[in-house]
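A short write-up of the structure that comes next.
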Amino acid sequence: MHIVVPIKQVPETSDVHMDALTGTMIRSGNTAIINPLDLYAIESALKLKDRIGATVSVLTMGPTSAVKVLKEAMAMGCDAAVHLSDRKFAGADTWSTSYVLSLAIRNLSPVDLIMTGERATDGDTGQVTPEVASWLDLPLVSFLSSISTVQDGILEGERLIEEGYQKIRCLLPAVVSVVKEVGEPRLPTLRGKKRAMTYDIPVWTADELKAEESFLGLKGSPTRVVRIGTPSVIRDATVVQASGEYSLKSAVSQLLDFLDEKGLLTEGGTHA
Amino acid sequence: MHDVWILAETGHNGLKDISFELLARGRALADTLGVKLAAVVIGGGLESSEAWRLIAHGSDIVYVVQDSRLEHVTCIPYSRVIEHLIRKHSPQILLAGATTTGRTILPYVAVKVHSGLTADCTDLAIEADTGNLLQTRPAIGGNIMATIKTPDHRPQMATVRPRSCRPLKADPSRSGQVVSELFETAWDDDRFSVEDIRVPEGDRVSIEEADIVVSGGRGLKKKENVVLLDRLAHLLSGETGASREAVDRGWKSYPHQVGLSGKTISPKLYIGVGISGAVQHLAGIKTAECIVAINSDEEANLVAMADFALIGDLFEILPEIQRQIEERRRSS
Ligand SMILES: Cc1cc2nc3c(=O)[nH]c(=O)nc-3n(C[C@H](O)[C@H](O)[C@H](O)COP(=O)(O)OP(=O)(O)OC[C@H]3O[C@@H](n4cnc5c(N)ncnc54)[C@H](O)[C@@H]3O)c2cc1C
Ligand SMILES: Nc1ncnc2c1ncn2[C@@H]1O[C@H](COP(=O)(O)O)[C@@H](O)[C@H]1O
């Protein structure tokens, strides 16, 4: 069984704080980490490896510095890593990113399972996963929340959707995206770290992937970002003290007046 | 010619709210462009009255693809249906909900038809001189708004955040055309199948679809206190949300989690109780219409982000809110 986990490098958010006045992010450092939601994909791949035996390859498309996240994934127990890096990839949207990832996955074949995070916390689209499946003409299991069995080339498990948990069955090879419920990601081990240190991560470029040039980077991306703005999030907070019996009653009463004015207090919800 | 399309969604109770929200979006775009608005509805057996409801809510054409093999939303057959319809009718815009359905199927289609797709838009407009669709969406945890277009590929595709706009009022006098399209056997794909659905007992949540969400965090202190939150949510006909701290402690299940690694929601009212308002939490509620904070700490981030904040002990405030709401309802 060969599992490929595409992971993305994203800016760290915990060294970020809010500017209370403008409501924007102030970034103190510039540390890049593994997309936190991809850790769950790595974890589920490693769980399968523990359970039924598998080789787990991680893959990232990104700048030279992105090699760091591949090493981290190997320290957690992944067996192999490939870095897709080329100036020509720069500025790719999800359509173009998924194209390059799909070429790399073809190169790694045979592949039984491709496991990704639900979405990347920077771009926040969750589109790359279904798009990879589409390029490869593979079935897709999005929002997978648990795996009950992987046996005889069939995956059974549950998807988390609006209506509840959907029990599904899918033939391998397939592409899945996992949600947080699959399990708490493990920590790197000493053995893993050592292996990561000595492992020479191959870099694949557009030429090596025999990529169609017109599908790459900014030029190959159907979408264009035309404007970036900061949302106006300054809300004029009415701040009311609610302690002590009198102030509690009057504060709550002010809140209810405020909600009532906005029509948010109607019985039976606001649908009526 | 080159109409505006929306992908309608159905559930066991027929058409879902998102379908009507999409029609409102699509109607505005179609009117600006001077073209027709069509709804695509795929499923296993839809009441014909449902197609007319789509027309009453703004659609000019309804493409209906019904087949018993399409009962469950499955990525490949649904994508093939949509791909076929796109090739046949060449719409210029295709919108779907940023739901598990839209987020699964539209990207699959985007690759097949070689066009761009923008996720989770909260604003859509037509650029005056080019007629291109301007798709605006929050990114990086809601800290920036990016406007994106797809200048050279058609259809221009976008998923739209649920609850980010209101449906139009139904107008039963509107007329429209219902077009049935056949499902071809070759489009079926048995590699993926839905076996069953499990709805956790008493815990059916869909905080993305709720108008009002009452969320609790570590300030609730222990699991037994979550009932205070549930009561208020119930009283307001809303749903209960939670911070990651509350979910990690097992006070609420993961589907309730709001934020960066949980759900992004746009309710009309968000009440954060005993939640500090970490950036990762705020990422999930930036587009809420109205935010109320209940916190003992006046300096908490969520207080700064709120429209209305009560500073005090939640264990005093929640019961008082309940008491006063009941009192108001009795006397009205
Ligand atoms: C990669 C990453 C992803 C994350 N994703 C998410 C996410 O999706 N969602 C999320 O929520 N968090 C997320 N977090 C965690 C986030 O950083 C915070 O740790 C979390 O939101 C804090 O939860 P909280 O507000 O409940 O707890 P705290 O920050 O501990 O806040 C508790 C609040 O309760 C108040 N309080 C205490 N007692 C009372 C009382 N009696 N009455 C009134 N108020 C009281 C306190 O003043 C305080 O403000 C993420 C973190 C990382 C690193
Ligand atoms: N540049 C990339 N390299 C490798 N994997 C990626 C990349 N971008 C996205 N992914 C994968 O696709 C998932 C969805 O990402 P996104 O569509 O960008 O939100 C992520 O969780 C990753 O698993």
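Just so we're on the same page: first chain in the structure tokens is A, next is B, and so on; residues restart at 1 for each chain, and ligands are numbered from 1 in the order they show up.
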Sort by chain and increasing residue number a table of all residues of chain B within 9 Å of ligand 1, each with its closest pair of atoms and their distance in Å to one decimal, counting only C-alpha atoms and all ligand atoms, and write it as CSV.
```
residue,atom,partner,partner_atom_place_in_ligand_line,distance
B:Gly216,CA,ligand 1,26 (O),6.6
B:Gly217,CA,ligand 1,26 (O),3.0
B:Arg218,CA,ligand 1,26 (O),3.9
B:Gly219,CA,ligand 1,37 (C),3.4
B:Leu220,CA,ligand 1,38 (N),6.5
B:Lys221,CA,ligand 1,38 (N),7.0
B:Ala242,CA,ligand 1,11 (O),6.7
B:Ser243,CA,ligand 1,11 (O),3.3
B:Arg244,CA,ligand 1,10 (C),4.0
B:Glu245,CA,ligand 1,23 (O),4.5
B:Ala246,CA,ligand 1,26 (O),5.8
B:Val247,CA,ligand 1,11 (O),8.4
B:Gln257,CA,ligand 1,9 (N),6.1
B:Val258,CA,ligand 1,9 (N),5.0
B:Gly259,CA,ligand 1,8 (O),3.2
B:Leu260,CA,ligand 1,8 (O),3.8
B:Ser261,CA,ligand 1,8 (O),3.6
B:Gly262,CA,ligand 1,8 (O),4.1
B:Lys263,CA,ligand 1,8 (O),6.9
B:Thr264,CA,ligand 1,8 (O),8.5
B:Gly272,CA,ligand 1,25 (O),8.6
B:Val273,CA,ligand 1,44 (N),6.5
B:Gly274,CA,ligand 1,34 (O),3.3
B:Ile275,CA,ligand 1,25 (O),3.3
B:Ser276,CA,ligand 1,49 (O),3.3
B:Gly277,CA,ligand 1,25 (O),5.4
B:Ala278,CA,ligand 1,21 (O),4.9
B:Val279,CA,ligand 1,17 (O),6.5
B:Gln280,CA,ligand 1,6 (C),4.6
B:His281,CA,ligand 1,11 (O),3.9
B:Leu282,CA,ligand 1,11 (O),7.6
B:Ala283,CA,ligand 1,8 (O),7.8
B:Gly284,CA,ligand 1,8 (O),7.0
B:Ile294,CA,ligand 1,43 (C),5.9
B:Asn295,CA,ligand 1,44 (N),3.5
B:Ser296,CA,ligand 1,43 (C),4.1
B:Asp297,CA,ligand 1,47 (O),4.4
B:Glu298,CA,ligand 1,47 (O),7.8
B:Glu299,CA,ligand 1,49 (O),8.1
B:Ala300,CA,ligand 1,49 (O),5.2
B:Asn301,CA,ligand 1,49 (O),7.7
B:Leu302,CA,ligand 1,49 (O),7.8
B:Val303,CA,ligand 1,49 (O),8.8
B:Leu310,CA,ligand 1,43 (C),8.9
B:Ile311,CA,ligand 1,43 (C),7.4
B:Gly312,CA,ligand 1,43 (C),5.8
B:Asp313,CA,ligand 1,42 (N),3.7
B:Leu314,CA,ligand 1,42 (N),3.8
B:Phe315,CA,ligand 1,41 (N),5.9
B:Glu316,CA,ligand 1,42 (N),8.1
B:Ile317,CA,ligand 1,42 (N),8.2
```
**Prompt:** Which parts of segment 65-214 of chain A does DSSP call alpha helix (DSSP H) when run on the backbone here, written out as a PyMOL selection string?
**Reply:** chain A and resi 67-76+94-107+128-136+190-198
**Request:** Using only C-alpha atoms and all ligand atoms, find each residue with an atom at most 8 Å away from ligand 2 and format the answer as a PyMOL selection string.
**Result:** chain A and resi 5-9+35+37-38+41+59-62+84+94+97-98+101+115-129+177
**Request:** Run DSSP on the backbone of this structure and report the residues of segment 101-210 of chain B it assigns to strand (DSSP E or B), as a ChimeraX atom specification.
**Result:** /B:117-121,123-126,133-139,144-149,156-160,177-180,192-198
**Request:** Can you work out which one of A:Gly164, A:Gly91, A:Pro185, A:Gly153 has the shortest atom-to-atom distance to Leu46 of chain A, counting only C-alpha atoms?
**Result:**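 Closest to Leu46 of chain A, using only C-alpha atoms: A:Pro185.
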**Arg186 of chain A environment, 12 Å, only C-alpha atoms, sequence neighbours closer than 5 positions dropped, as JSON, numbers by chain** = {"A": [39, 40, 41, 42, 43, 44, 45, 46, 47, 72, 73, 74, 75, 76, 77, 78, 192]}
For the residues in that selection, give me N, CA, C and O atoms as a compact mmCIF listing (two decimals), in the first residue's frame.
```txt
# COMPACT_ATOMS: atom_id res chain seq x y z
N LEU A 39 -1.77 18.07 9.17
CA LEU A 39 -1.24 17.13 10.18
C LEU A 39 -2.20 15.97 10.37
O LEU A 39 -1.80 14.84 10.64
N TYR A 40 -3.50 16.24 10.20
CA TYR A 40 -4.48 15.16 10.35
C TYR A 40 -4.39 14.16 9.19
O TYR A 40 -4.66 12.98 9.37
N ALA A 41 -4.02 14.66 8.03
CA ALA A 41 -3.84 13.76 6.88
C ALA A 41 -2.62 12.88 7.12
O ALA A 41 -2.64 11.67 6.89
N ILE A 42 -1.54 13.49 7.61
CA ILE A 42 -0.34 12.72 7.91
C ILE A 42 -0.66 11.67 8.97
O ILE A 42 -0.31 10.50 8.85
N GLU A 43 -1.39 12.11 10.00
CA GLU A 43 -1.74 11.18 11.09
C GLU A 43 -2.55 10.00 10.55
O GLU A 43 -2.25 8.85 10.88
N SER A 44 -3.55 10.26 9.74
CA SER A 44 -4.36 9.11 9.27
C SER A 44 -3.54 8.20 8.38
O SER A 44 -3.74 6.98 8.40
N ALA A 45 -2.62 8.76 7.59
CA ALA A 45 -1.77 7.91 6.76
C ALA A 45 -0.88 7.04 7.65
O ALA A 45 -0.73 5.84 7.41
N LEU A 46 -0.31 7.66 8.69
CA LEU A 46 0.58 6.89 9.57
C LEU A 46 -0.19 5.84 10.37
O LEU A 46 0.32 4.76 10.65
N LYS A 47 -1.44 6.17 10.72
CA LYS A 47 -2.27 5.18 11.41
C LYS A 47 -2.48 3.96 10.53
O LYS A 47 -2.41 2.82 10.99
N GLU A 72 9.82 17.81 8.56
CA GLU A 72 8.99 17.64 9.75
C GLU A 72 8.08 16.43 9.60
O GLU A 72 7.88 15.66 10.55
N ALA A 73 7.49 16.29 8.42
CA ALA A 73 6.58 15.17 8.18
C ALA A 73 7.35 13.85 8.28
O ALA A 73 6.84 12.85 8.81
N MET A 74 8.58 13.84 7.80
CA MET A 74 9.37 12.62 7.89
C MET A 74 9.72 12.32 9.35
O MET A 74 9.71 11.17 9.77
N ALA A 75 9.94 13.38 10.12
CA ALA A 75 10.24 13.18 11.54
C ALA A 75 9.05 12.55 12.26
O ALA A 75 9.20 11.83 13.23
N MET A 76 7.84 12.80 11.74
CA MET A 76 6.65 12.18 12.34
C MET A 76 6.52 10.71 11.95
O MET A 76 5.72 9.98 12.54
N GLY A 77 7.26 10.30 10.92
CA GLY A 77 7.20 8.89 10.54
C GLY A 77 6.93 8.61 9.07
O GLY A 77 6.79 7.45 8.68
N CYS A 78 6.85 9.65 8.24
CA CYS A 78 6.64 9.41 6.81
C CYS A 78 7.93 8.84 6.22
O CYS A 78 9.03 9.14 6.68
N GLY A 192 12.65 9.36 13.79
CA GLY A 192 12.16 10.05 12.60
C GLY A 192 13.03 11.25 12.26
O GLY A 192 13.37 11.49 11.10
```
**Request:** For Asp17 of chain B, work out the shell of residues within 12 Å, counting only C-alpha atoms and skipping chain neighbours fewer than 3 positions away, then give it as a PyMOL selection string.
**Result:** (chain A and resi 271) or (chain B and resi 8-11+13-14+20-24+53-54+57+97+99+161-168+208-211)
**Request:** Would you mind telling me which residue in B:Asp230, B:Glu320, B:Glu83, B:Glu239 lies nearest to chain A when using only C-alpha atoms?
**Result:**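 Comparing B:Asp230, B:Glu320, B:Glu83, B:Glu239 against chain A, the winner is B:Glu320.
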**For chain A, the nearest of the candidates B:Ile271, B:Val194, B:Ile291, B:Val179, counting only C-alpha atoms** =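 The closest residue to chain A is B:Val194.
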**Prompt:** So which one's closest to chain A, B:Gly58, B:Gly238, B:Gly102, B:Pro319? Using only C-alpha atoms, please.
**Reply:**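 Nearest candidate to chain A out of B:Gly58, B:Gly238, B:Gly102, B:Pro319: B:Gly238.
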**Asked** Separation of atom CA of Ala98 of chain B and atom CA of Ile147 of chain A, in Å?
**Response**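 Computing the Euclidean distance for atom CA of Ala98 of chain B and atom CA of Ile147 of chain A yields 24.6 Å.
For the set A:Ser57, A:Val252, A:Ile52, A:Leu209, the residue with the smallest atom-to-atom gap to Asp152 of chain A is A:Ile52, counting only C-alpha atoms.
The neighbours of Leu265 of chain A here are the residues that come within 10 Å of it, using only C-alpha atoms and leaving out any residue fewer than 3 positions away in the same chain; they are Leu256, Asp257, Phe258, Leu259, Asp260, Glu261, Lys262, Gly268, Gly269 and Thr270 of chain A; Leu235, Leu236, Ser237, Ile325, Arg328 and Arg329 of chain B.
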The selected residues should be written to file as an mmCIF file, in the first residue's frame (atoms: C-alpha atoms).
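Result went into part.cif, see below:
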```
data_model
loop_
_atom_site.group_PDB
_atom_site.id
_atom_site.type_symbol
_atom_site.label_atom_id
_atom_site.label_comp_id
_atom_site.auth_asym_id
_atom_site.auth_seq_id
_atom_site.Cartn_x
_atom_site.Cartn_y
_atom_site.Cartn_z
ATOM 1 C CA LEU A 256 -32.308 42.421 24.790
ATOM 2 C CA ASP A 257 -33.462 45.848 23.576
ATOM 3 C CA PHE A 258 -30.485 45.896 21.231
ATOM 4 C CA LEU A 259 -31.330 42.441 19.856
ATOM 5 C CA ASP A 260 -35.021 43.229 19.659
ATOM 6 C CA GLU A 261 -34.310 46.339 17.590
ATOM 7 C CA LYS A 262 -32.455 44.134 15.113
ATOM 8 C CA GLY A 268 -39.390 30.603 16.671
ATOM 9 C CA GLY A 269 -36.311 32.173 15.161
ATOM 10 C CA THR A 270 -35.889 34.773 12.501
ATOM 11 C CA LEU B 235 -34.642 29.871 23.466
ATOM 12 C CA LEU B 236 -33.380 31.887 20.503
ATOM 13 C CA SER B 237 -34.046 29.016 18.062
ATOM 14 C CA ILE B 325 -36.573 36.745 27.554
ATOM 15 C CA ARG B 328 -40.816 39.591 27.699
ATOM 16 C CA ARG B 329 -42.473 36.784 25.794
#
```
**Asked** For Asp137 of chain A, which residue out of A:Ser102, A:Arg159, A:Glu181, A:Val150 is the nearest one, using only C-alpha atoms?
**Response**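 The closest residue to Asp137 of chain A is A:Ser102.
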